[in-house]
Structures are given as C-alpha cells and as structure tokens.
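Colleague: The file below is coords.txt, compact mmCIF, C-alpha atoms:
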# COMPACT_ATOMS: atom_id res chain seq x y z
CA ALA A 24 15.78 -15.44 1.67
CA VAL A 25 15.06 -11.78 1.01
CA TRP A 26 12.57 -11.55 3.87
CA GLU A 27 14.71 -13.73 6.14
CA ASP A 28 17.76 -11.50 5.78
CA ILE A 29 15.74 -8.35 6.39
CA MET A 30 13.88 -9.69 9.42
CA ILE A 31 17.02 -11.04 11.07
CA ALA A 32 18.78 -7.73 10.47
CA CYS A 33 15.93 -5.74 12.00
CA PHE A 34 15.57 -8.05 15.00
CA GLY A 35 19.25 -7.62 15.74
CA GLY A 36 19.79 -4.06 14.56
CA SER A 37 22.48 -5.26 12.17
CA GLY A 38 23.13 -5.22 8.44
CA THR A 39 20.55 -3.18 6.57
CA CYS A 40 18.89 -2.28 9.89
CA SER A 41 22.10 -1.08 11.53
CA GLY A 42 21.59 2.31 13.12
CA LYS A 43 17.85 2.31 12.58
CA SER A 44 15.52 3.34 15.38
CA ASP A 45 13.46 0.86 17.35
CA THR A 46 10.34 2.33 15.75
CA PHE A 47 11.65 1.71 12.25
CA ARG A 48 12.84 -1.80 13.04
CA LYS A 49 9.63 -2.77 14.80
CA THR A 50 7.54 -1.49 11.89
CA ILE A 51 9.58 -3.40 9.31
CA ILE A 52 9.23 -6.56 11.39
CA ASN A 53 5.48 -6.18 11.98
CA LYS A 54 4.53 -5.11 8.47
CA GLY A 55 7.08 -7.37 6.84
CA CYS A 56 5.17 -10.31 8.27
CA ILE A 57 2.33 -9.42 5.89
CA GLY A 58 4.76 -9.93 3.01
CA ILE A 59 6.00 -13.21 4.43
CA VAL A 60 2.50 -14.64 4.86
CA THR A 61 1.47 -13.36 1.42
CA ALA A 62 4.49 -15.12 -0.04
CA TYR A 63 3.52 -18.35 1.69
CA THR A 64 -0.04 -17.97 0.44
CA THR A 65 1.25 -17.79 -3.13
CA TYR A 66 3.56 -20.74 -2.45
CA GLU A 67 0.62 -22.89 -1.41
CA MET A 68 -1.43 -21.71 -4.39
CA GLY A 69 1.45 -22.64 -6.67
CA GLY A 70 1.70 -26.02 -4.98
CA ALA A 71 -2.01 -26.59 -5.55
CA VAL A 72 -1.68 -25.70 -9.23
CA TRP A 73 1.21 -28.13 -9.66
CA LYS A 74 -0.55 -30.93 -7.80
CA GLY A 75 -3.60 -30.41 -9.96
CA THR A 76 -1.59 -30.82 -13.15
CA ASP A 77 -0.01 -33.91 -11.59
CA GLY A 78 -3.44 -35.48 -11.12
CA GLN A 79 -3.49 -35.08 -7.33
CA THR A 80 -7.06 -33.82 -7.19
CA SER A 81 -8.36 -35.76 -4.18
CA ASP A 82 -9.03 -33.68 -1.10
CA VAL A 83 -5.63 -34.58 0.38
CA GLY A 84 -3.82 -33.26 -2.70
CA ALA A 85 -4.31 -30.04 -4.66
CA PRO A 86 -7.50 -28.95 -2.82
CA TYR A 87 -5.73 -29.33 0.52
CA ALA A 88 -2.87 -27.10 -0.64
CA TRP A 89 -5.35 -24.51 -1.92
CA ASP A 90 -7.17 -24.61 1.41
CA GLU A 91 -3.85 -23.96 3.15
CA ALA A 92 -3.36 -20.93 0.93
CA ALA A 93 -6.78 -19.64 1.97
CA ALA A 94 -6.01 -20.26 5.63
CA PHE A 95 -2.77 -18.31 5.52
CA TYR A 96 -4.37 -15.52 3.50
CA ILE A 97 -7.43 -15.04 5.71
CA GLY A 98 -6.14 -16.20 9.10
CA ASN A 99 -7.70 -18.42 11.75
CA ILE A 100 -8.59 -15.85 14.40
CA LYS A 101 -12.22 -15.11 15.14
CA PRO A 102 -12.91 -11.39 14.55
CA VAL A 103 -13.54 -9.43 17.74
CA VAL A 104 -16.33 -7.53 16.00
CA GLY A 105 -18.46 -8.16 12.93
CA ASP A 106 -18.72 -11.15 10.65
CA GLY A 107 -15.20 -11.05 9.24
CA TYR A 108 -16.45 -9.96 5.82
CA THR A 109 -18.65 -6.87 5.89
CA GLY A 110 -18.28 -3.50 7.60
CA SER A 111 -14.95 -2.37 9.03
CA ALA A 112 -11.90 -4.56 9.51
CA PRO A 113 -11.96 -5.97 13.06
CA GLY A 114 -8.31 -5.21 13.71
CA ASN A 115 -7.30 -8.54 15.20
CA LEU A 116 -6.88 -10.86 12.19
CA TYR A 117 -3.28 -9.81 11.44
CA SER A 118 -3.43 -11.39 8.00
CA PRO A 119 -2.99 -10.35 4.35
CA TYR A 120 -6.78 -10.47 4.09
CA GLU A 121 -7.15 -7.84 6.81
CA PHE A 122 -4.37 -5.76 5.26
CA ASN A 123 -6.35 -5.79 2.02
CA TRP A 124 -9.53 -4.92 3.93
CA LYS A 125 -7.87 -1.85 5.44
CA ARG A 126 -6.73 -0.73 2.00
CA ASP A 127 -10.33 -1.08 0.83
CA LYS A 128 -11.25 1.48 3.48
CA ASP A 129 -8.46 3.77 2.27
CA PHE A 130 -9.65 3.50 -1.35
CA PRO A 131 -13.44 3.15 -0.96
CA GLY A 132 -14.27 3.89 -4.60
CA GLY A 133 -12.10 1.08 -5.95
CA THR A 134 -12.65 -2.65 -6.01
CA ALA A 135 -13.38 -4.13 -2.58
CA ILE A 136 -10.54 -6.60 -2.85
CA HIS A 137 -11.04 -8.35 0.48
CA THR A 138 -14.57 -9.37 -0.45
CA ALA A 139 -13.58 -10.11 -4.06
CA ALA A 140 -10.91 -12.53 -2.85
CA ILE A 141 -13.28 -14.96 -1.11
CA PRO A 142 -15.24 -16.11 -4.19
CA ILE A 143 -11.96 -16.28 -6.12
CA MET A 144 -10.48 -18.63 -3.54
CA ASN A 145 -13.67 -20.70 -3.52
CA TYR A 146 -13.64 -20.86 -7.31
CA GLY A 147 -10.08 -22.13 -7.32
CA LEU A 148 -10.96 -24.81 -4.76
CA ILE A 149 -14.00 -26.04 -6.67
CA ASN A 150 -11.97 -26.36 -9.85
CA LEU A 151 -9.26 -28.40 -8.13
CA ARG A 152 -11.49 -31.15 -6.74
CA GLY A 153 -11.77 -34.54 -8.36
CA SER A 154 -13.80 -34.75 -11.53
CA SER A 155 -14.45 -30.99 -11.38
CA TYR A 156 -10.76 -30.27 -12.04
CA ASN A 157 -10.27 -27.56 -14.65
CA ALA A 158 -6.71 -26.35 -15.15
CA ALA A 159 -7.69 -23.16 -16.99
CA ASN A 160 -10.10 -22.11 -14.26
CA VAL A 161 -7.54 -22.81 -11.55
CA GLN A 162 -4.97 -20.71 -13.38
CA SER A 163 -7.53 -17.93 -13.72
CA ALA A 164 -8.18 -17.98 -9.95
CA GLN A 165 -4.46 -17.82 -9.21
CA THR A 166 -4.02 -14.86 -11.57
CA GLU A 167 -6.97 -13.04 -10.04
CA MET A 168 -5.45 -13.43 -6.58
CA TYR A 169 -2.18 -11.95 -7.85
CA LYS A 170 -4.20 -8.95 -9.02
CA ILE A 171 -5.68 -8.65 -5.51
CA PHE A 172 -2.20 -8.65 -3.97
CA SER A 173 -0.96 -6.12 -6.53
CA ILE A 174 -3.81 -3.69 -5.91
CA ALA A 175 -3.22 -3.82 -2.15
CA ALA A 176 0.50 -3.11 -2.50
CA ILE A 177 -0.12 -0.30 -5.00
CA ARG A 178 -2.69 1.36 -2.77
CA ALA A 179 -0.27 1.17 0.14
CA VAL A 180 2.66 2.67 -1.75
CA ILE A 181 0.47 5.53 -2.99
CA LYS A 182 -0.85 6.32 0.49
CA TYR A 183 2.28 5.82 2.55
CA SER A 184 4.68 7.55 0.18
CA TRP A 185 2.64 10.68 0.94
CA THR A 186 2.35 10.16 4.69
CA ALA A 187 6.04 9.27 4.94
CA ARG A 188 6.91 12.67 3.53
CA GLY A 189 4.53 14.39 5.93
CA ASP A 190 5.05 18.13 6.09
CA GLY A 191 8.51 17.74 4.62
CA THR A 192 10.01 16.04 7.67
CA LEU A 193 10.56 12.33 7.09
CA ASN A 194 8.26 10.07 9.07
CA GLU A 195 10.37 6.92 9.37
CA GLU A 196 7.52 4.77 10.64
CA PHE A 197 5.45 5.50 7.55
CA LEU A 198 8.49 4.99 5.32
CA ALA A 199 8.92 1.55 6.88
CA GLU A 200 5.23 0.77 6.33
CA CYS A 201 5.40 2.01 2.76
CA TRP A 202 8.47 -0.09 1.99
CA ALA A 203 7.18 -3.27 3.64
CA TYR A 204 3.67 -3.09 2.22
CA TRP A 205 5.00 -2.39 -1.28
CA ARG A 206 7.29 -5.41 -1.00
CA SER A 207 4.32 -7.65 -0.20
CA ALA A 208 3.63 -7.84 -3.95
CA SER A 209 6.42 -5.95 -5.72
CA GLY A 210 8.11 -9.24 -6.57
CA TYR A 211 5.13 -10.29 -8.64
CA ILE A 212 4.67 -6.79 -10.05
CA SER A 213 8.30 -6.87 -11.21
CA THR A 214 7.41 -9.72 -13.58
CA VAL A 215 5.68 -7.16 -15.81
CA ASN A 216 8.33 -4.43 -15.50
CA LYS A 217 11.35 -5.08 -13.31
CA ALA A 218 13.03 -1.74 -14.11
CA THR A 219 10.03 0.31 -12.98
CA VAL A 220 9.73 -1.65 -9.75
CA GLN A 221 13.42 -1.05 -9.05
CA GLU A 222 12.89 2.68 -9.66
CA ILE A 223 10.12 2.69 -7.05
CA ASP A 224 12.34 0.71 -4.67
CA ALA A 225 15.01 3.41 -5.02
CA LEU A 226 12.47 6.11 -4.13
CA LEU A 227 11.81 4.25 -0.86
CA ASP A 228 15.43 3.64 0.07
CA TRP A 229 16.04 3.23 3.80
CA SER A 230 18.92 5.70 3.69
CA LEU A 231 16.59 8.60 2.93
CA THR A 232 16.61 11.47 5.41
CA SER A 233 13.80 13.26 3.60
CA ILE A 234 11.33 12.53 0.83
CA PRO A 235 11.08 15.05 -2.02
CA ALA A 236 7.66 16.55 -2.66
CA THR A 237 7.67 14.98 -6.12
CA THR A 238 8.10 11.40 -4.90
CA PRO A 239 4.45 10.42 -4.27
CA CYS A 240 3.43 11.61 -7.73
CA GLU A 241 6.42 9.88 -9.31
CA ILE A 242 5.48 6.64 -7.62
CA LYS A 243 1.83 6.95 -8.62
CA THR A 244 2.80 7.56 -12.23
CA LYS A 245 5.15 4.59 -12.22
CA VAL A 246 2.64 2.13 -10.77
CA GLU A 247 -0.05 3.36 -13.17
CA SER A 248 2.25 2.58 -16.09
CA MET A 249 2.05 -1.11 -15.10
CA TYR A 250 -1.71 -1.42 -14.64
CA LYS A 251 -2.46 -2.71 -18.14
CA ALA A 252 0.22 -5.41 -17.96
CA LEU A 253 -1.05 -6.44 -14.50
CA GLY A 254 -4.61 -6.71 -15.77
CA ILE A 255 -5.92 -4.04 -13.41
CA SER A 256 -7.27 -0.52 -13.94
CA CYS A 257 -7.41 2.93 -12.43
CA ALA A 258 -11.01 2.29 -11.41
CA MET A 259 -10.05 -0.94 -9.62
CA VAL A 260 -7.33 0.79 -7.59
CA GLY A 261 -9.49 3.83 -6.87
CA VAL A 262 -8.60 7.08 -5.13
CA TRP A 263 -7.14 7.43 -1.65
CA SER A 264 -9.85 8.89 0.57
CA ASP A 265 -7.43 11.26 2.33
CA ALA A 266 -5.67 12.47 -0.81
CA PRO A 267 -5.07 16.23 -0.57
CA ALA A 268 -7.44 18.15 -2.83
CA GLY A 269 -5.79 19.21 -6.07
CA SER A 270 -2.87 16.80 -5.67
CA CYS A 271 -1.95 14.08 -8.16
CA LEU A 272 -3.25 11.57 -5.64
CA ALA A 273 -6.78 13.00 -5.80
CA SER A 274 -7.61 11.33 -9.12
CA PRO A 275 -7.59 7.64 -10.05
CA CYS A 276 -5.06 8.19 -12.87
Please go through the file and, once you have read it, give me the structure as structure tokens.
Modeller:
Amino acid sequence: AVWEDIMIACFGGSGTCSGKSDTFRKTIINKGCIGIVTAYTTYEMGGAVWKGTDGQTSDVGAPYAWDEAAAFYIGNIKPVVGDGYTGSAPGNLYSPYEFNWKRDKDFPGGTAIHTAAIPIMNYGLINLRGSSYNAANVQSAQTEMYKIFSIAAIRAVIKYSWTARGDGTLNEEFLAECWAYWRSASGYISTVNKATVQEIDALLDWSLTSIPATTPCEIKTKVESMYKALGISCAMVGVWSDAPAGSCLASPC
C-alpha cells in the first residue's frame, strides 16, 4: 500500500506529490518501480520458503515460486549488449538486477552484488526441489538476497544524497532517485533498527528546499551503524568511485 499510494499521488500530482515538478514525479515513478519489483521478488521468495516448509517441493510448488522471484529480480529482456552478466550493465533490463549492477559500477571495490546474486538464487532453487529440500539452506539463500538488496540501497543513498545536494542548490531529480532507491530496501533494513531508518528518511524529506552539507556524512554514518546487524561490512559496500577526495564518502567506513 505504501508504494501504491505514492505512485498514484505522483501520477496525478496529488497528495504527497502535490506541487511537485514533472521531473520529480517522473523520477519517483520510474525509480519507485525498482522498489515495487524488489518487493514482489521478496514476496515470491517468501512464498517459496513457506511452500517448502509445507512440503510443496515439486517443480510446480516452492521451486516455481522461487523461479518467479528470479524472473522478477533479473527481468526477461534480452540485453542489447553483452551477456547480461559480465562487463557493463546493458541499460535495457529495467530490473532490480540491473539497478544492482549499476551500483556495482559506482562502488567497484565492493562486492559485485549482481554477479553474487545469481549463484545465491540458484542455490535457493536447488535446495527447494524434491528430495534435495533443505530448509536451512533455503533460509540462508533468502537472507543472502536481503543482504544484496540492502547493499544496493545503501550504495544508492550514499551516492545520491551527495549528488542531490550538488553545489548547495537542491537537485530534485537526484533527491527523488535517492529517496526511491533507498526505499527499495529500507523496509527490510528497518527490521534491524527502525529508528535509524526513520532518521535517514527524515533527511530525505520531499519538503526539503536544500540539503545541508552535513547530510551525506550523517547518512553514511547512520547506515554504517547498521552493517553488523545486517550481516554486511564496509568492504562489501565499498567506496563510491566519484566520492570527492578528502570527504567522508572517500573511505569505506
């Protein structure tokens, strides 16, 4: 319902999107779709986990639901260039997988989460099928995917909180990207520290007319405080390749 209310408001320029520019509304709609599809991916993964525990391990049960999760995560469009796995993101997949791939490019020293996700999804599938069913391994795969989603959202909020501030003049398009990308996984991240996530949300409020110079560093510090509970690390997130030299963003933690 959260995404539904926001998308409807931004399509119609009403509610929370009242008075917002076309650029802002369009960006929320486009980038918000990443959050919607990510949410459906996790829904299908959750369905697969439940069906597995219920004994529905034939290929029309839990494995089918897990396959659906993979399909929504990766997408079903043939890449215009490359093999859909190595090199640069092709730019036409429009999926959470490609969003993660682009964040890998932004944070090249961290974990390559788009490539890491594929064996995780395959591992989950293998452990859901028939006599190979292993509940612990399936749960592990689901948790690892949540880490992937968390890293992508964290990288995005670090990068776009800086670009949204720009030279001191608010860039509303980047603020919209920052907000929407962060929300793609902030719901899950809030399960480890809801108060900190709400503090970050407040720093990205749509009513902002400017972003203080301290905000990107505040956000980075706040997300870092949740790494241990999320099961991720500074090294996994990495450093933004365009971080200004000498800034707080120029080091992993």
Colleague: For the point (-13.2, -0.6, 2.6) in file coordinates, what residues are within 10 Å, counting all atoms listed in the file? Give the answer as a tab-separated table (two decimals) with C-alpha atoms, keeping the file's coordinate frame?
Modeller:
chain	number	residue	atom	x	y	z
A	109	THR	CA	-18.65	-6.87	5.89
A	110	GLY	CA	-18.28	-3.50	7.60
A	111	SER	CA	-14.95	-2.37	9.03
A	112	ALA	CA	-11.90	-4.56	9.51
A	123	ASN	CA	-6.35	-5.79	2.02
A	124	TRP	CA	-9.53	-4.92	3.93
A	125	LYS	CA	-7.87	-1.85	5.44
A	126	ARG	CA	-6.73	-0.73	2.00
A	127	ASP	CA	-10.33	-1.08	0.83
A	128	LYS	CA	-11.25	1.48	3.48
A	129	ASP	CA	-8.46	3.77	2.27
A	130	PHE	CA	-9.65	3.50	-1.35
A	131	PRO	CA	-13.44	3.15	-0.96
A	132	GLY	CA	-14.27	3.89	-4.60
A	133	GLY	CA	-12.10	1.08	-5.95
A	134	THR	CA	-12.65	-2.65	-6.01
A	135	ALA	CA	-13.38	-4.13	-2.58
A	136	ILE	CA	-10.54	-6.60	-2.85
A	137	HIS	CA	-11.04	-8.35	0.48
A	138	THR	CA	-14.57	-9.37	-0.45
Colleague: For the contact check between range 182-241 of chain A and range 46-58 of chain A, emit one row per residue of range 182-241 of chain A within 8 Å, containing the shortest atom pair and the distance in Å rounded to one decimal, counting all atoms listed in the file, chain then rising number order, as a tab-separated table.
Modeller:
residue	atom	partner	partner_atom	distance
A:Glu195	CA	A:Phe47	CA	6.1
A:Glu196	CA	A:Phe47	CA	5.4
A:Ala199	CA	A:Ile51	CA	5.6
A:Glu200	CA	A:Lys54	CA	6.3
A:Ala203	CA	A:Gly55	CA	5.2
A:Tyr204	CA	A:Lys54	CA	6.6
A:Arg206	CA	A:Gly58	CA	6.6
A:Ser207	CA	A:Gly58	CA	4.0
A:Ala208	CA	A:Gly58	CA	7.4
Colleague: Considering all atoms listed in the file, tabulate each residue of range 175-199 of chain A that lies at most 8 Å from range 253-276 of chain A along with its nearest interatomic pair and the corresponding distance in Å to one decimal; arrange the rows by chain and ascending residue number and present them as a tab-separated table.
Modeller:
residue	atom	partner	partner_atom	distance
A:Ile177	CA	A:Val260	CA	7.7
A:Arg178	CA	A:Val260	CA	6.7
A:Ile181	CA	A:Leu272	CA	7.6
A:Lys182	CA	A:Trp263	CA	6.7
Colleague: Just to confirm, what's the straight-line distance from CA of Thr186 in chain A to CA of Ile234 in chain A in Å (one decimal)?
Modeller: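 Taking CA of Thr186 in chain A as the start and CA of Ile234 in chain A as the end point, the length is 10.1 Å.
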Colleague: Which residues come within 8 Å of Glu167 in chain A, counting only C-alpha atoms, excluding same-chain residues fewer than 4 positions away, as a ChimeraX atom specification?
Modeller: /A:143,163,171
Colleague: Quick one, how far is CA of Tyr156 in chain A from CA of Asp77 in chain A?
Modeller: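 That distance, rounded to one decimal, is 11.4 Å.
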Colleague: Find the residue from A:Val103, A:Cys40, A:Ala164, A:Val60 that sits nearest to Ser230 in chain A; use all atoms listed in the file when measuring.
Modeller: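 Nearest candidate to Ser230 in chain A out of A:Val103, A:Cys40, A:Ala164, A:Val60: A:Cys40.
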Colleague: Leaving out Gly114 in chain A and any residue of its chain fewer than 5 positions from it, which residues lie within 12 Å of it when counting all atoms listed in the file, given as a list in words?
Modeller: Ile100, Lys101, Pro102, Val103, Val104, Gly105, Gly107, Pro119, Tyr120, Glu121, Phe122, Asn123, Trp124 and Lys125 of chain A
Colleague: Could you please determine the separation between CA of Thr61 in chain A and CA of Lys170 in chain A in Å, to one decimal place?
Modeller: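 So the answer is 12.7 Å.
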Colleague: Would you mind listing what lies within 8 Å of Leu151 in chain A as a ChimeraX atom specification, with all atoms listed in the file counted and same-chain residues fewer than 2 positions away left out?
Modeller: /A:71,75,80,85-86,147-149,153,155-158,161
Colleague: Place a sphere of radius 12 Å on (10.5, 2.8, -7.3) in the file coordinates and name every protein, DNA or RNA residue with an atom inside or on its surface, counting all atoms listed in the file; give the answer as a ChimeraX atom specification.
Modeller: /A:177,180-181,184,201-202,205-206,209,212-213,216-228,238-246
Colleague: Give the answer as one residue: which of A:Thr232, A:Thr64, A:Thr237, A:Asn194 has the shortest atom-to-atom distance to Gln165 in chain A, using all atoms listed in the file?
Modeller: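 Of all the options, A:Thr64 lies closest to Gln165 in chain A.
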Colleague: Quick one: of A:Gly70, A:Tyr96, A:Thr65, A:Val25, who's nearest to Ala140 in chain A, counting all atoms listed in the file?
Modeller: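 Answer, going by the shortest atom-to-atom distance: A:Tyr96.
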Colleague: Between A:Ser233, A:Ser37, A:Thr76, A:Ser118, single out the one closest to Gln162 in chain A, counting only C-alpha atoms.
Modeller: A:Thr76
